[in-house]
Amino acid sequence: MFAKMDRIILHVDLDAFYASVEELRRPDIRGKPAVVCVYSGRTQDSGAVATSNYLARELGIRAGMPIAFAKRAAKGKDVVFLPVDMEHYREVSERIMDLLEEHADRFQQVSIDEAYLDVSDRCTGNYQCAEKMARDIKEEIKEHEGITCSVGIGPSKYVSKMAGKKRKPDGLTVVRPEEVVDFLRNLPVGKLHGIGAKTEEELNSLGIKTAADIPAYGLPGLEKEFGKNKASLLRDKALGIDDSPVEQKDKQQLSRIATLKEDTTDADIIYKKISDLCSDLNKKLQNKIAFRTISLITIDTHLQTQTRSETIPEADDACSVLPSYRTLIDRFLSENPGKMLRRVGIRVSGLSFKDAKGKKEQKRLFDY
Ligand SMILES: [Mg+2]
């Protein structure tokens, strides 16, 4: 029998992601509190805050807050309010996720700015190796994309996520298997990932304030209050027990974006660039990935992004759908007369994956 190797999971969270990306492309807002908003469009200030940078957080402006509240908190101060540009954030995120995936044995993206990397095999259970890798990853993201991230390292997804929360922004926190219980013990129960406000209140009313208080209360007592399943879940959270695997998933979409040589309204120049991007994307598709939807992405000189999509008969060659792209380009230009474009891109989605014999696979299996 071999001794069981320690699992090592990295949790990577991009710091104040939307705001960081905006600061990067709009140098004028650097050093100022910035708030990225989803405007619902009903009135000028209706909608909610999507992300605020750390300076805006110091003013109490947080994600989820109504824009009108945020404006009140910002009163008299030089706070920048910006609309979300998801297409742009997705583009940056995709590049970072590709970079992260290269470092993992198994990789799971959980949101636009968060991912788990299982590095147990490549680090053969050695935490020093994982820490070095985390530093390299942070440096690479900083160098290539100019933004910072916070990394937590631990023996499970749950512990790595908790570790990552400890130091932000630009943090790196390692919790080794033997440190897990001590790391969690003094945390208020409401800080444990997955324990919501209602459960926190119930626990507090039983005199359970910290993680250590949970096992101290005893499983039978917890079962009486919460039922069997939830009681053991609470105990696992307090002790940092989590066996859930990092689940490798196939991509939902693939895209390529590029900057035009000069700003243009010329359909032929745009078409030529799109055709280059299709050839480039084909290297990735390798006739093994088919798609059902194509999108044209346009970014104008005011950094406004628009996307136009079309559903097509399934194809696995990006160049074969160039006529459809031509139609999308012409439609965009006729609907936006005189709009100068700076960058253009393509995206394919509704993906399906084929095996070596060209047969379609329902779902690719990564976990053996
Ligand atoms: Mg984040």
# chains A, B, ... in the order shown; residues from 1 in each chain; ligands from 1

call {"tool": "closest_atom_pairs", "arguments": {"of": "chain A", "to": "ligand 1", "cutoff": "6 Å", "atoms": "only C-alpha atoms and all ligand atoms", "output": "CSV"}}
result
residue,atom,partner,partner_atom_place_in_ligand_line,distance
A:Asp13,CA,ligand 1,1 (Mg),4.8
A:Leu14,CA,ligand 1,1 (Mg),4.4
A:Asp15,CA,ligand 1,1 (Mg),4.6
A:Ala16,CA,ligand 1,1 (Mg),5.1
A:Phe17,CA,ligand 1,1 (Mg),5.4
A:Asp113,CA,ligand 1,1 (Mg),5.3

call {"tool": "residues_around", "arguments": {"residues": "Pro33 (chain A)", "least_positions_apart": "6", "cutoff": "6 Å", "atoms": "only C-alpha atoms", "output": "number ranges by chain"}}
result
A: 55-56, 79

call {"tool": "closest_residue", "arguments": {"among": "A:Glu201, A:Asp250, A:Asp105, A:Asp236", "to": "Arg7 (chain A)", "atoms": "only C-alpha atoms"}}
result
A:Asp105

call {"tool": "residues_around", "arguments": {"residues": "Pro337 (chain A)", "least_positions_apart": "4", "cutoff": "9 Å", "atoms": "only C-alpha atoms", "output": "PDB file with C-alpha atoms, in the first residue's frame"}}
result
ATOM      1  CA  THR A 265     -15.398  51.718 -40.501  1.00  0.00           C
ATOM      2  CA  PHE A 332     -23.392  45.989 -37.630  1.00  0.00           C
ATOM      3  CA  LEU A 333     -22.086  48.706 -39.954  1.00  0.00           C
TER       4      LEU A 333
END

call {"tool": "residues_around", "arguments": {"residues": "Leu172 (chain A)", "least_positions_apart": "5", "cutoff": "6 Å", "atoms": "only C-alpha atoms", "output": "PyMOL selection string"}}
result
chain A and resi 150-152

call {"tool": "closest_residue", "arguments": {"among": "A:Val181, A:Val348, A:Ala267, A:Ile312", "to": "Lys284 (chain A)", "atoms": "only C-alpha atoms"}}
result
A:Val348

call {"tool": "select_by_dssp", "arguments": {"residues": "region 35-230 of chain A", "states": "helix (DSSP H, G or I)", "output": "JSON, numbers by chain"}}
result
{"A": [54, 55, 56, 57, 58, 67, 68, 69, 70, 71, 72, 73, 74, 86, 87, 88, 89, 90, 91, 92, 93, 94, 95, 96, 97, 98, 99, 100, 101, 127, 128, 129, 130, 131, 132, 133, 134, 135, 136, 137, 138, 139, 140, 141, 142, 143, 144, 145, 157, 158, 159, 160, 161, 162, 163, 164, 165, 166, 177, 178, 179, 180, 181, 182, 183, 184, 185, 189, 190, 191, 197, 198, 199, 200, 201, 202, 203, 204, 205, 213, 214, 215, 216, 217, 219, 220, 221, 222, 223, 224, 225, 226, 228, 229, 230]}

call {"tool": "residues_around", "arguments": {"residues": "Tyr127 (chain A)", "least_positions_apart": "3", "cutoff": "12 Å", "atoms": "only C-alpha atoms", "output": "ChimeraX atom specification"}}
result
/A:5-10,119-124,130-134,152-155,173-178

call {"tool": "closest_residue", "arguments": {"among": "A:Ser160, A:Glu223, A:Ala231, A:Thr199", "to": "Phe183 (chain A)", "atoms": "only C-alpha atoms"}}
result
A:Ser160

call {"tool": "select_by_dssp", "arguments": {"residues": "region 221-364 of chain A", "states": "strand (DSSP E)", "output": "PyMOL selection string"}}
result
chain A and resi 253-264+289-300+305-315+341-349+352-354+360-361

call {"tool": "decode", "arguments": {"residues": "region 292-305 of chain A", "atoms": "N, CA and C atoms", "output": "short mmCIF file (atom, residue, chain, number, x, y, z; two decimals), in the first residue's frame"}}
result
data_model
loop_
_atom_site.label_atom_id
_atom_site.label_comp_id
_atom_site.auth_asym_id
_atom_site.auth_seq_id
_atom_site.Cartn_x
_atom_site.Cartn_y
_atom_site.Cartn_z
N ARG A 292 -22.48 25.71 -32.68
CA ARG A 292 -23.79 25.96 -33.28
C ARG A 292 -24.12 27.45 -33.33
N THR A 293 -23.34 28.25 -32.60
CA THR A 293 -23.62 29.69 -32.59
C THR A 293 -22.32 30.45 -32.85
N ILE A 294 -22.40 31.45 -33.68
CA ILE A 294 -21.24 32.31 -33.89
C ILE A 294 -21.60 33.73 -33.46
N SER A 295 -20.59 34.45 -32.97
CA SER A 295 -20.82 35.84 -32.57
C SER A 295 -19.73 36.72 -33.13
N LEU A 296 -20.13 37.91 -33.51
CA LEU A 296 -19.19 38.95 -33.90
C LEU A 296 -19.10 39.93 -32.74
N ILE A 297 -17.88 40.21 -32.29
CA ILE A 297 -17.68 41.15 -31.18
C ILE A 297 -17.02 42.41 -31.74
N THR A 298 -17.58 43.56 -31.42
CA THR A 298 -17.00 44.81 -31.91
C THR A 298 -16.73 45.73 -30.72
N ILE A 299 -15.59 46.37 -30.72
CA ILE A 299 -15.25 47.34 -29.67
C ILE A 299 -14.88 48.64 -30.36
N ASP A 300 -15.63 49.70 -30.08
CA ASP A 300 -15.39 50.95 -30.81
C ASP A 300 -14.36 51.82 -30.08
N THR A 301 -14.13 52.99 -30.62
CA THR A 301 -13.06 53.84 -30.08
C THR A 301 -13.43 54.41 -28.71
N HIS A 302 -14.73 54.32 -28.32
CA HIS A 302 -15.12 54.74 -26.97
C HIS A 302 -15.18 53.55 -26.02
N LEU A 303 -14.58 52.43 -26.45
CA LEU A 303 -14.52 51.20 -25.65
C LEU A 303 -15.89 50.58 -25.43
N GLN A 304 -16.87 50.93 -26.24
CA GLN A 304 -18.18 50.29 -26.13
C GLN A 304 -18.14 48.97 -26.91
N THR A 305 -18.60 47.92 -26.25
CA THR A 305 -18.60 46.61 -26.87
C THR A 305 -20.00 46.23 -27.32
#
